[in-house]
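Asks: File data31.pdb below, PDB, C-alpha atoms:
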ATOM      1  CA  MET A   1      22.688  15.821  19.880
ATOM      2  CA  SER A   2      19.087  15.088  18.963
ATOM      3  CA  ASP A   3      18.141  16.451  15.571
ATOM      4  CA  GLU A   4      15.004  14.635  14.561
ATOM      5  CA  LEU A   5      12.893  15.582  11.589
ATOM      6  CA  ILE A   6       9.286  14.677  12.236
ATOM      7  CA  ILE A   7       6.594  15.337   9.645
ATOM      8  CA  GLY A   8       3.033  14.087   9.915
ATOM      9  CA  GLY A   9       3.982  12.192  13.052
ATOM     10  CA  LYS A  10       6.647  10.204  11.211
ATOM     11  CA  LYS A  11      10.285  10.334  12.143
ATOM     12  CA  ILE A  12      12.299  10.851   8.985
ATOM     13  CA  SER A  13      15.834   9.643   9.530
ATOM     14  CA  ASN A  14      17.460  11.107   6.406
ATOM     15  CA  ARG A  15      16.959  14.698   5.299
ATOM     16  CA  LEU A  16      17.556  13.670   1.703
ATOM     17  CA  PHE A  17      14.277  12.685   0.052
ATOM     18  CA  ILE A  18      14.487  11.119  -3.384
ATOM     19  CA  GLY A  19      12.192  10.925  -6.367
ATOM     20  CA  THR A  20      11.841   7.678  -8.297
ATOM     21  CA  GLY A  21      11.337   9.036 -11.825
ATOM     22  CA  LYS A  22      13.751   8.953 -14.760
ATOM     23  CA  PHE A  23      15.864   6.006 -13.605
ATOM     24  CA  GLY A  24      17.246   4.120 -16.585
ATOM     25  CA  ASP A  25      16.675   0.933 -14.616
ATOM     26  CA  ASP A  26      14.239   0.898 -11.679
ATOM     27  CA  ALA A  27      16.334  -1.813 -10.044
ATOM     28  CA  LEU A  28      18.750   1.010  -9.174
ATOM     29  CA  ILE A  29      16.148   2.625  -6.908
ATOM     30  CA  PRO A  30      16.479   0.206  -3.957
ATOM     31  CA  LYS A  31      20.258   0.372  -4.299
ATOM     32  CA  CYS A  32      20.164   4.170  -4.059
ATOM     33  CA  ILE A  33      17.791   3.994  -1.097
ATOM     34  CA  LYS A  34      20.088   1.554   0.685
ATOM     35  CA  GLU A  35      23.389   3.246  -0.141
ATOM     36  CA  ALA A  36      22.104   6.666   0.927
ATOM     37  CA  SER A  37      19.895   5.365   3.798
ATOM     38  CA  VAL A  38      16.937   7.255   2.370
ATOM     39  CA  SER A  39      13.659   6.987   4.266
ATOM     40  CA  LEU A  40      11.215   9.055   2.179
ATOM     41  CA  VAL A  41      10.598   8.615  -1.534
ATOM     42  CA  THR A  42       8.129  10.040  -4.023
ATOM     43  CA  VAL A  43       6.050   8.226  -6.628
ATOM     44  CA  ALA A  44       3.355   9.266  -9.104
ATOM     45  CA  LEU A  45      -0.062   7.818  -9.987
ATOM     46  CA  ARG A  46      -0.871   6.985 -13.577
ATOM     47  CA  ARG A  47      -3.441   5.196 -15.696
ATOM     48  CA  MET A  48      -2.237   1.650 -16.059
ATOM     49  CA  ASP A  49      -1.723   0.147 -19.485
ATOM     50  CA  VAL A  50      -4.029  -2.778 -18.844
ATOM     51  CA  ASN A  51      -2.988  -4.556 -22.015
ATOM     52  CA  SER A  52       0.721  -4.469 -21.389
ATOM     53  CA  ILE A  53       1.621  -4.909 -17.752
ATOM     54  CA  GLY A  54       5.010  -3.388 -17.077
ATOM     55  CA  ASP A  55       7.276  -3.496 -14.076
ATOM     56  CA  ASN A  56       5.643  -2.466 -10.798
ATOM     57  CA  ILE A  57       7.590   0.387  -9.183
ATOM     58  CA  MET A  58       6.460  -0.728  -5.731
ATOM     59  CA  LYS A  59       8.544  -3.854  -5.857
ATOM     60  CA  HIS A  60      11.624  -1.604  -5.930
ATOM     61  CA  ILE A  61      10.687   0.421  -2.853
ATOM     62  CA  PRO A  62      11.474  -1.083   0.554
ATOM     63  CA  LYS A  63       8.400  -1.500   2.761
ATOM     64  CA  ASP A  64       9.855   0.643   5.558
ATOM     65  CA  CYS A  65      10.156   3.734   3.325
ATOM     66  CA  ILE A  66       7.680   6.552   3.771
ATOM     67  CA  LEU A  67       5.886   6.932   0.468
ATOM     68  CA  MET A  68       4.935  10.392  -0.743
ATOM     69  CA  PRO A  69       2.815  10.199  -3.910
ATOM     70  CA  ASN A  70       2.723  13.399  -5.924
ATOM     71  CA  THR A  71      -0.219  14.886  -7.769
ATOM     72  CA  HIS A  72       1.758  15.274 -10.989
ATOM     73  CA  GLY A  73      -0.544  15.755 -13.941
ATOM     74  CA  ALA A  74      -2.954  17.936 -11.963
ATOM     75  CA  ARG A  75      -3.635  21.321 -13.561
ATOM     76  CA  ASN A  76      -5.883  22.651 -10.817
ATOM     77  CA  ALA A  77      -6.908  21.996  -7.225
ATOM     78  CA  GLU A  78      -9.797  19.737  -8.189
ATOM     79  CA  GLU A  79      -7.566  17.403 -10.190
ATOM     80  CA  ALA A  80      -4.944  17.365  -7.432
ATOM     81  CA  VAL A  81      -7.554  16.415  -4.831
ATOM     82  CA  ARG A  82      -8.788  13.592  -7.068
ATOM     83  CA  ILE A  83      -5.261  12.212  -7.545
ATOM     84  CA  ALA A  84      -4.513  12.539  -3.821
ATOM     85  CA  ARG A  85      -7.623  10.580  -2.839
ATOM     86  CA  LEU A  86      -6.868   7.856  -5.392
ATOM     87  CA  SER A  87      -3.261   7.659  -4.191
ATOM     88  CA  ARG A  88      -4.329   7.238  -0.586
ATOM     89  CA  ALA A  89      -6.667   4.426  -1.631
ATOM     90  CA  MET A  90      -3.529   2.531  -2.672
ATOM     91  CA  GLY A  91      -3.013   2.087   1.062
ATOM     92  CA  CYS A  92       0.443   3.577   1.372
ATOM     93  CA  GLY A  93      -0.192   6.245   3.980
ATOM     94  CA  ASP A  94      -1.363   9.826   4.172
ATOM     95  CA  PHE A  95       1.565  11.760   2.715
ATOM     96  CA  ILE A  96       0.826  13.715  -0.449
ATOM     97  CA  LYS A  97       2.986  16.100  -2.413
ATOM     98  CA  ILE A  98       0.747  18.701  -4.015
ATOM     99  CA  GLU A  99       2.097  19.483  -7.450
ATOM    100  CA  ILE A 100      -0.209  21.576  -9.622
ATOM    101  CA  ILE A 101       1.230  22.660 -12.928
ATOM    102  CA  SER A 102      -0.375  24.027 -16.044
ATOM    103  CA  ASP A 103       2.764  25.582 -17.544
ATOM    104  CA  SER A 104       4.614  23.018 -19.628
ATOM    105  CA  LYS A 105       7.637  25.166 -20.494
ATOM    106  CA  TYR A 106       8.973  25.901 -17.007
ATOM    107  CA  LEU A 107       6.828  23.477 -14.999
ATOM    108  CA  LEU A 108       6.210  26.157 -12.417
ATOM    109  CA  PRO A 109       3.636  25.352  -9.744
ATOM    110  CA  ASP A 110       0.333  27.225  -9.481
ATOM    111  CA  ASN A 111       0.495  28.593  -5.935
ATOM    112  CA  GLU A 112      -3.128  29.707  -5.780
ATOM    113  CA  GLU A 113      -4.533  26.316  -6.772
ATOM    114  CA  THR A 114      -2.047  24.671  -4.406
ATOM    115  CA  ILE A 115      -3.499  26.594  -1.449
ATOM    116  CA  LYS A 116      -7.013  25.467  -2.408
ATOM    117  CA  ALA A 117      -5.985  21.813  -2.656
ATOM    118  CA  THR A 118      -4.074  21.996   0.624
ATOM    119  CA  GLU A 119      -7.126  23.328   2.467
ATOM    120  CA  ILE A 120      -9.280  20.448   1.242
ATOM    121  CA  LEU A 121      -6.757  17.659   1.740
ATOM    122  CA  ALA A 122      -5.507  18.762   5.158
ATOM    123  CA  LYS A 123      -9.111  18.632   6.403
ATOM    124  CA  GLU A 124      -9.302  15.050   5.117
ATOM    125  CA  GLY A 125      -6.296  14.054   7.216
ATOM    126  CA  PHE A 126      -3.617  14.060   4.541
ATOM    127  CA  VAL A 127      -0.050  15.007   5.428
ATOM    128  CA  VAL A 128       0.105  17.764   2.847
ATOM    129  CA  MET A 129       3.469  18.697   1.356
ATOM    130  CA  PRO A 130       2.827  21.526  -1.119
ATOM    131  CA  TYR A 131       5.353  22.232  -3.873
ATOM    132  CA  ILE A 132       5.428  25.992  -4.458
ATOM    133  CA  ASN A 133       7.150  28.871  -6.105
ATOM    134  CA  PRO A 134       8.655  30.429  -2.949
ATOM    135  CA  ASP A 135       6.514  33.293  -1.677
ATOM    136  CA  LEU A 136       6.095  34.322   1.950
ATOM    137  CA  TYR A 137       2.392  35.150   1.748
ATOM    138  CA  VAL A 138       1.605  31.894  -0.021
ATOM    139  CA  ALA A 139       3.579  29.979   2.602
ATOM    140  CA  LYS A 140       1.677  31.723   5.416
ATOM    141  CA  LYS A 141      -1.637  30.797   3.782
ATOM    142  CA  LEU A 142      -0.444  27.202   3.448
ATOM    143  CA  VAL A 143       0.361  27.117   7.149
ATOM    144  CA  LEU A 144      -3.190  28.266   7.916
ATOM    145  CA  ALA A 145      -4.544  25.729   5.418
ATOM    146  CA  GLY A 146      -2.918  22.907   7.366
ATOM    147  CA  ALA A 147       0.203  22.061   5.361
ATOM    148  CA  ALA A 148       2.686  19.758   7.088
ATOM    149  CA  SER A 149       5.666  21.265   5.306
ATOM    150  CA  ILE A 150       6.431  23.835   2.633
ATOM    151  CA  MET A 151       8.370  22.718  -0.436
ATOM    152  CA  PRO A 152       9.760  25.672  -2.410
ATOM    153  CA  LEU A 153      11.518  25.048  -5.700
ATOM    154  CA  GLY A 154      15.239  25.784  -5.952
ATOM    155  CA  ALA A 155      15.026  26.091  -9.751
ATOM    156  CA  PRO A 156      12.626  24.692 -12.365
ATOM    157  CA  ILE A 157      12.208  20.908 -12.290
ATOM    158  CA  GLY A 158      15.006  18.954 -13.897
ATOM    159  CA  THR A 159      17.202  21.969 -14.661
ATOM    160  CA  ASN A 160      19.980  21.107 -12.178
ATOM    161  CA  LYS A 161      20.605  24.839 -11.728
ATOM    162  CA  GLY A 162      20.705  24.825  -7.939
ATOM    163  CA  LEU A 163      19.265  27.182  -5.364
ATOM    164  CA  LYS A 164      18.310  30.089  -7.611
ATOM    165  CA  THR A 165      15.610  31.101  -5.132
ATOM    166  CA  ARG A 166      18.072  31.410  -2.250
ATOM    167  CA  GLU A 167      16.834  34.680  -0.766
ATOM    168  CA  MET A 168      13.188  33.678  -0.885
ATOM    169  CA  VAL A 169      13.941  30.278   0.660
ATOM    170  CA  ARG A 170      16.004  31.972   3.374
ATOM    171  CA  ILE A 171      13.000  34.164   4.206
ATOM    172  CA  LEU A 172      10.751  31.101   4.408
ATOM    173  CA  CYS A 173      13.234  29.404   6.756
ATOM    174  CA  ASN A 174      13.208  32.468   9.011
ATOM    175  CA  GLU A 175       9.484  33.164   8.979
ATOM    176  CA  ILE A 176       7.639  29.878   8.580
ATOM    177  CA  ASN A 177       7.347  27.542  11.511
ATOM    178  CA  LEU A 178       7.113  24.366   9.435
ATOM    179  CA  PRO A 179       9.798  22.179   7.867
ATOM    180  CA  ILE A 180      11.028  23.784   4.634
ATOM    181  CA  VAL A 181      12.000  21.240   1.993
ATOM    182  CA  VAL A 182      13.736  22.441  -1.162
ATOM    183  CA  ASP A 183      12.218  20.495  -4.018
ATOM    184  CA  ALA A 184      13.333  20.704  -7.644
ATOM    185  CA  GLY A 185      16.324  22.090  -9.467
ATOM    186  CA  ILE A 186      19.032  20.795  -7.162
ATOM    187  CA  GLY A 187      21.673  19.370  -9.473
ATOM    188  CA  THR A 188      24.768  18.686  -7.382
ATOM    189  CA  PRO A 189      25.564  17.615  -3.821
ATOM    190  CA  SER A 190      27.200  21.001  -3.162
ATOM    191  CA  GLN A 191      23.912  22.718  -4.046
ATOM    192  CA  ALA A 192      22.060  20.405  -1.657
ATOM    193  CA  CYS A 193      24.620  21.249   1.000
ATOM    194  CA  GLU A 194      24.038  24.962   0.364
ATOM    195  CA  CYS A 195      20.310  24.476   0.962
ATOM    196  CA  MET A 196      20.964  22.711   4.248
ATOM    197  CA  GLU A 197      23.491  25.319   5.400
ATOM    198  CA  LEU A 198      20.777  27.911   4.843
ATOM    199  CA  GLY A 199      18.573  26.117   7.358
ATOM    200  CA  VAL A 200      16.103  24.139   5.287
ATOM    201  CA  SER A 201      14.893  20.924   6.893
ATOM    202  CA  ALA A 202      15.380  18.606   3.916
ATOM    203  CA  VAL A 203      16.052  18.444   0.196
ATOM    204  CA  LEU A 204      14.178  16.428  -2.419
ATOM    205  CA  VAL A 205      16.279  15.266  -5.369
ATOM    206  CA  ASN A 206      15.320  13.194  -8.388
ATOM    207  CA  THR A 207      16.855  14.132 -11.736
ATOM    208  CA  ALA A 208      20.405  14.687 -10.473
ATOM    209  CA  ILE A 209      20.520  11.211  -8.974
ATOM    210  CA  ALA A 210      18.478   9.286 -11.530
ATOM    211  CA  THR A 211      20.351  10.653 -14.538
ATOM    212  CA  ALA A 212      23.886  10.450 -13.092
ATOM    213  CA  LYS A 213      26.218   7.940 -14.712
ATOM    214  CA  ASP A 214      26.301   6.135 -11.383
ATOM    215  CA  PRO A 215      23.026   6.927  -9.557
ATOM    216  CA  VAL A 216      23.900   4.820  -6.508
ATOM    217  CA  GLN A 217      27.172   6.662  -5.895
ATOM    218  CA  MET A 218      25.432   9.986  -6.547
ATOM    219  CA  ALA A 219      22.699   9.173  -4.023
ATOM    220  CA  LYS A 220      25.390   8.547  -1.446
ATOM    221  CA  ALA A 221      27.125  11.819  -2.349
ATOM    222  CA  PHE A 222      23.862  13.732  -1.923
ATOM    223  CA  SER A 223      23.172  12.072   1.413
ATOM    224  CA  LEU A 224      26.624  13.001   2.728
ATOM    225  CA  ALA A 225      26.258  16.564   1.438
ATOM    226  CA  VAL A 226      22.854  16.966   3.081
ATOM    227  CA  LEU A 227      24.271  15.697   6.362
ATOM    228  CA  ALA A 228      27.300  18.001   6.063
ATOM    229  CA  GLY A 229      25.091  21.003   5.389
ATOM    230  CA  ARG A 230      22.825  20.162   8.309
ATOM    231  CA  CYS A 231      25.804  19.803  10.679
ATOM    232  CA  ALA A 232      27.187  23.131   9.453
ATOM    233  CA  TYR A 233      23.846  24.870   9.996
ATOM    234  CA  LEU A 234      23.517  23.481  13.507
ATOM    235  CA  SER A 235      27.118  24.475  14.252
ATOM    236  CA  GLY A 236      26.357  28.152  13.639
ATOM    237  CA  ILE A 237      28.022  29.402  10.480
ATOM    238  CA  PRO A 238      30.323  32.397  11.227
ATOM    239  CA  SER A 239      29.627  35.720   9.554
ATOM    240  CA  THR A 240      31.654  37.036   6.615
ATOM    241  CA  SER A 241      33.937  40.083   6.580
ATOM    242  CA  ASN A 242      35.050  42.408   3.792
ATOM    243  CA  PHE A 243      38.553  42.589   5.286
ATOM    244  CA  ALA A 244      41.091  39.997   6.302
ATOM    245  CA  VAL A 245      40.856  38.813   9.891
ATOM    246  CA  GLY A 246      44.037  37.010  10.972
ATOM    247  CA  THR A 247      43.972  33.593  12.527
ATOM    248  CA  THR A 248      47.441  33.731  14.133
ATOM    249  CA  PRO A 249      48.086  35.862  17.274
ATOM    250  CA  LEU A 250      49.209  39.407  16.482
ATOM    251  CA  THR A 251      51.637  39.472  19.425
ATOM    252  CA  GLY A 252      55.099  38.040  20.124
ATOM    253  CA  PHE A 253      56.534  38.719  16.667
ATOM    254  CA  LEU A 254      60.214  37.870  16.207
ATOM    255  CA  ARG A 255      61.826  41.181  15.230
TER     256      ARG A 255
ATOM    257  CA  MET B   1     -21.261  -5.171 -22.667
ATOM    258  CA  ASN B   2     -19.465  -1.973 -23.404
ATOM    259  CA  ILE B   3     -17.542   0.090 -20.839
ATOM    260  CA  PHE B   4     -15.026   2.915 -20.935
ATOM    261  CA  LEU B   5     -11.754   1.621 -19.547
ATOM    262  CA  ASN B   6      -9.110   4.286 -18.989
ATOM    263  CA  GLY B   7     -10.886   6.493 -21.497
ATOM    264  CA  GLU B   8     -11.249   3.877 -24.219
ATOM    265  CA  SER B   9     -14.356   2.021 -25.246
ATOM    266  CA  VAL B  10     -13.960  -1.741 -24.716
ATOM    267  CA  THR B  11     -16.246  -4.741 -24.783
ATOM    268  CA  ILE B  12     -16.158  -7.016 -21.739
ATOM    269  CA  SER B  13     -18.094 -10.073 -20.524
ATOM    270  CA  GLU B  14     -21.515  -9.593 -18.998
ATOM    271  CA  ASN B  15     -21.626  -9.717 -15.183
ATOM    272  CA  SER B  16     -18.012  -8.565 -14.888
ATOM    273  CA  THR B  17     -16.722  -7.006 -11.702
ATOM    274  CA  ILE B  18     -13.637  -4.829 -11.289
ATOM    275  CA  LYS B  19     -11.912  -7.890  -9.858
ATOM    276  CA  SER B  20     -12.864 -10.290 -12.653
ATOM    277  CA  LEU B  21     -11.772  -7.796 -15.285
ATOM    278  CA  LEU B  22      -8.381  -7.325 -13.622
ATOM    279  CA  GLU B  23      -7.923 -11.055 -13.203
ATOM    280  CA  GLU B  24      -8.731 -11.571 -16.870
ATOM    281  CA  LYS B  25      -5.896  -9.207 -17.678
ATOM    282  CA  ASN B  26      -3.518 -10.806 -15.153
ATOM    283  CA  ILE B  27      -3.293  -7.659 -13.083
ATOM    284  CA  GLN B  28      -2.415  -8.149  -9.414
ATOM    285  CA  ILE B  29      -5.346  -6.502  -7.679
ATOM    286  CA  ASN B  30      -3.454  -5.107  -4.702
ATOM    287  CA  THR B  31      -1.146  -3.058  -6.964
ATOM    288  CA  VAL B  32      -3.879  -0.856  -8.399
ATOM    289  CA  VAL B  33      -6.676   1.461  -7.411
ATOM    290  CA  ALA B  34      -9.894   1.947  -9.348
ATOM    291  CA  GLU B  35     -12.247   4.808  -9.975
ATOM    292  CA  LEU B  36     -15.681   3.731 -11.173
ATOM    293  CA  ASP B  37     -17.995   6.521 -12.338
ATOM    294  CA  GLY B  38     -16.134   8.973 -10.137
ATOM    295  CA  LYS B  39     -16.113   6.806  -7.004
ATOM    296  CA  ILE B  40     -12.853   5.417  -5.633
ATOM    297  CA  TYR B  41     -12.437   1.709  -4.896
ATOM    298  CA  ASN B  42      -9.437  -0.020  -3.412
ATOM    299  CA  PHE B  43      -8.775  -3.699  -3.921
ATOM    300  CA  GLU B  44     -10.929  -4.736  -0.959
ATOM    301  CA  ASP B  45     -14.004  -3.461  -2.802
ATOM    302  CA  PHE B  46     -13.218  -4.845  -6.248
ATOM    303  CA  ASP B  47     -16.211  -7.199  -6.205
ATOM    304  CA  THR B  48     -18.231  -4.216  -7.352
ATOM    305  CA  PRO B  49     -20.122  -5.062 -10.581
ATOM    306  CA  LEU B  50     -19.486  -3.128 -13.780
ATOM    307  CA  THR B  51     -22.442  -1.805 -15.719
ATOM    308  CA  GLU B  52     -23.101  -0.859 -19.329
ATOM    309  CA  ASP B  53     -21.295   2.350 -20.349
ATOM    310  CA  CYS B  54     -19.647   2.792 -16.956
ATOM    311  CA  LYS B  55     -16.390   4.707 -16.770
ATOM    312  CA  LEU B  56     -13.624   2.717 -15.114
ATOM    313  CA  GLU B  57     -10.142   4.015 -14.429
ATOM    314  CA  ILE B  58      -7.390   1.645 -13.318
ATOM    315  CA  LEU B  59      -4.348   3.355 -11.892
ATOM    316  CA  SER B  60      -1.047   2.343 -10.367
ATOM    317  CA  PHE B  61       2.066   3.971  -9.019
ATOM    318  CA  VAL B  62       4.959   4.759 -11.351
ATOM    319  CA  GLY B  63       8.286   6.466 -10.772
ATOM    320  CA  GLY B  64       7.997  10.197 -10.174
ATOM    321  CA  GLY B  65       9.644  13.102  -8.428
TER     322      GLY B  65
END
Give the structure from this file in structure tokens form.

Replies:
Amino acid sequence: MSDELIIGGKKISNRLFIGTGKFGDDALIPKCIKEASVSLVTVALRRMDVNSIGDNIMKHIPKDCILMPNTHGARNAEEAVRIARLSRAMGCGDFIKIEIISDSKYLLPDNEETIKATEILAKEGFVVMPYINPDLYVAKKLVLAGAASIMPLGAPIGTNKGLKTREMVRILCNEINLPIVVDAGIGTPSQACECMELGVSAVLVNTAIATAKDPVQMAKAFSLAVLAGRCAYLSGIPSTSNFAVGTTPLTGFLR
Amino acid sequence: MNIFLNGESVTISENSTIKSLLEEKNIQINTVVAELDGKIYNFEDFDTPLTEDCKLEILSFVGGG
């Protein structure tokens, strides 16, 4: 059965996307990518310490991966647009994750500024993947603004609390005709599976993999869970009942 | 001459270009992007000369989610 995920004209073979931050050793990144067969990864753009050249993250990312730079550090649309344009000048494609945050306690995205940045960048040919606090009206505006996907948070970044926004994400899945990617807060493979069972198109995970005792094994676990959840969703999950419904025939009893 | 490199005032050789400055610092030019006085340059345009008091940003990718 064909079940392709295509975003921005690119076929994405694994519905688990991974972030490359927080790894204790960046050499683990290619191992995670290989073990979990990941095809889309995120990176961030930063001022380089020109006096102390560190390891280059790009040497740990296989060339065939789709690279999705984020606009982390942007506090408004203008800053996000600047970071997006600089990232594209690195020559790694047109994908951009819009991440606009001015709240340092909960790291919640600014939806209004995100819409503004999406409008500008979509017109410039970017494949815009906006990270948002799930809201139907915001998502509809992002569709009109030219977003390629909508990326609602499951819980605040790095909290590992799971899909706390379940009902809102379910509404987005039902109402928005774009891939929905749950980004942030997913802490365990079972939570990723829950997202996929709900009907989201993909899940983006960073902290839960990077900070696991064995990130490579955890990446594999997430990949399997995402696949399991996707298969379950496509299979048609049966409805629940408040009363027992027997599984064995209620005829031919031995009396 | 004096320029502002990643927000800090530094003194560099006269007639420097983005490329010569990066090479001086042993930075592989195709791993970075530059913003000079608000304009973006990728490594193919690094022959651009630097001028007194210009603002140069040198950026690269790092791990992120």

Asks: One decimal, in Å: what's the spacing between CA of Cys193 in chain A and CA of Ala225 in chain A?

Replies: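 Going from CA of Cys193 in chain A over to CA of Ala225 in chain A, I get 5.0 Å.
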
Asks: Using the chain letters and numbers from the file, give me the residues hit by the PyMOL selection byres ((chain B and resi 7) around 10), as a list in words.

Replies: Arg47 of chain A; Ile3, Phe4, Leu5, Asn6, Glu8, Ser9, Val10, Lys55, Leu56 and Glu57 of chain B

Asks: For Asp47 in chain B, please output as a VMD selection string all residues within 7 Å (counting all atoms listed in the file; exclusion window: fewer than 4 positions along the same chain).

Replies: chain B and resid 17 to 19

Asks: Could you save those same residues with C-alpha atoms as a compact mmCIF listing (two decimals), in the coordinates of the input?

Replies:
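Once written, selection-v5.txt looks like this:
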# COMPACT_ATOMS: atom_id res chain seq x y z
CA THR B 17 -16.72 -7.01 -11.70
CA ILE B 18 -13.64 -4.83 -11.29
CA LYS B 19 -11.91 -7.89 -9.86

Asks: Please determine the residues with any atom at most 6 Å from (-3.0, 6.0, -6.8) (coordinates as given in the file, with all atoms listed in the file counting) and report them as an NGL selection string.

Replies: (:A and (45 or 86-87 or 90)) or (:B and (33 or 59-61))

Asks: Can you write out as a tab-separated table which residues of chain A fall within 6 Å of chain B, alongside each residue's closest atom pair and its distance in Å to one decimal, counting all atoms listed in the file and ordering rows by chain and ascending residue number?

Replies:
residue	atom	partner	partner_atom	distance
A:Gly19	CA	B:Gly65	CA	3.9
A:Thr20	CA	B:Gly63	CA	4.5
A:Gly21	CA	B:Gly64	CA	3.9
A:Thr42	CA	B:Gly65	CA	5.6
A:Val43	CA	B:Gly64	CA	4.5
A:Ala44	CA	B:Gly64	CA	4.9
A:Leu45	CA	B:Phe61	CA	4.5
A:Arg46	CA	B:Leu59	CA	5.3
A:Arg47	CA	B:Leu59	CA	4.3
A:Met48	CA	B:Leu59	CA	5.0
A:Ile57	CA	B:Val62	CA	5.5
A:Ala89	CA	B:Asn42	CA	5.5
A:Met90	CA	B:Val33	CA	5.8
A:Asn206	CA	B:Gly65	CA	5.7

Asks: Using only C-alpha atoms, which protein or nucleic acid residues come within 6 Å of Ser16 in chain B? Drop anything in the same chain fewer than 4 positions from it, and give the result as a PyMOL selection string.

Replies: chain B and resi 20+49-50

Asks: So how many Å separate CA of Phe222 in chain A and CA of Ser241 in chain A, to one decimal?

Replies: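 Taking CA of Phe222 in chain A and CA of Ser241 in chain A, their separation equals 29.5 Å.
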
Asks: Could you expand the PyMOL selection byres ((chain A and resi 150) around 9) into the explicit residues it covers here, written as an mmCIF file with C-alpha atoms, in the coordinates of the input?

Replies:
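Printed below is expr.cif as written:
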data_model
loop_
_atom_site.group_PDB
_atom_site.id
_atom_site.type_symbol
_atom_site.label_atom_id
_atom_site.label_comp_id
_atom_site.auth_asym_id
_atom_site.auth_seq_id
_atom_site.Cartn_x
_atom_site.Cartn_y
_atom_site.Cartn_z
ATOM 1 C CA VAL A 128 0.105 17.764 2.847
ATOM 2 C CA MET A 129 3.469 18.697 1.356
ATOM 3 C CA PRO A 130 2.827 21.526 -1.119
ATOM 4 C CA TYR A 131 5.353 22.232 -3.873
ATOM 5 C CA ILE A 132 5.428 25.992 -4.458
ATOM 6 C CA PRO A 134 8.655 30.429 -2.949
ATOM 7 C CA ALA A 139 3.579 29.979 2.602
ATOM 8 C CA LEU A 142 -0.444 27.202 3.448
ATOM 9 C CA VAL A 143 0.361 27.117 7.149
ATOM 10 C CA ALA A 147 0.203 22.061 5.361
ATOM 11 C CA ALA A 148 2.686 19.758 7.088
ATOM 12 C CA SER A 149 5.666 21.265 5.306
ATOM 13 C CA MET A 151 8.370 22.718 -0.436
ATOM 14 C CA PRO A 152 9.760 25.672 -2.410
ATOM 15 C CA LEU A 172 10.751 31.101 4.408
ATOM 16 C CA ILE A 176 7.639 29.878 8.580
ATOM 17 C CA LEU A 178 7.113 24.366 9.435
ATOM 18 C CA PRO A 179 9.798 22.179 7.867
ATOM 19 C CA ILE A 180 11.028 23.784 4.634
ATOM 20 C CA VAL A 181 12.000 21.240 1.993
ATOM 21 C CA VAL A 182 13.736 22.441 -1.162
#

Asks: Go ahead and compute the interatomic distance for CA of Asp135 in chain A and CA of Val205 in chain A, in Å to one decimal.

Replies: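 About the pair CA of Asp135 in chain A and CA of Val205 in chain A: they are 20.8 Å apart.
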
Asks: Please determine an axis-aligned box that encloses all atoms of range 46-52 of chain B listed in the file, with 3 Å added on each side, and express its centre and edge lengths in Å to one decimal as JSON.

Replies:
{"center_x": -18.2, "center_y": -4.0, "center_z": -12.8, "size_x": 15.9, "size_y": 12.3, "size_z": 19.1}

Asks: Leaving out Gly73 in chain A and any residue of its chain fewer than 3 positions from it, which residues lie within 12 Å of it when counting only C-alpha atoms, given as a PyMOL selection string?

Replies: (chain A and resi 44-47+69-70+76-84+98-104+107+109) or (chain B and resi 64-65)

Asks: As a check of understanding, name the residues that the PyMOL selection byres ((chain A and resi 186-188) around 12) selects in the supplied structure, as a ChimeraX atom specification.

Replies: /A:16-18,152-166,181-185,189-196,202-212,218-226

Asks: Find the residue from A:Gly246, A:Gly8, A:Phe23, A:Asn51 that sits nearest to Ile96 in chain A; use all atoms listed in the file when measuring.

Replies: A:Gly8

Asks: Go through A:Asp3, A:Arg75, A:Val169, A:Lys116 and flag the residue nearest Tyr233 in chain A, using all atoms listed in the file for the distances.

Replies: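 Answer, going by the shortest atom-to-atom distance: A:Asp3.
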
Asks: So which one's closest to Glu175 in chain A, A:Val127, A:Ile12, A:Val200, A:Leu136? Using only C-alpha atoms, please.

Replies: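 Looking only at the distances to Glu175 in chain A, the closest residue turns out to be A:Leu136.
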
Asks: Counting all atoms listed in the file, select every polymer residue within 10 Å of (13.5, -2.7, 1.4) as defined in the file's coordinates, and provide the selection as a ChimeraX atom specification.

Replies: /A:30-31,33-34,59-65
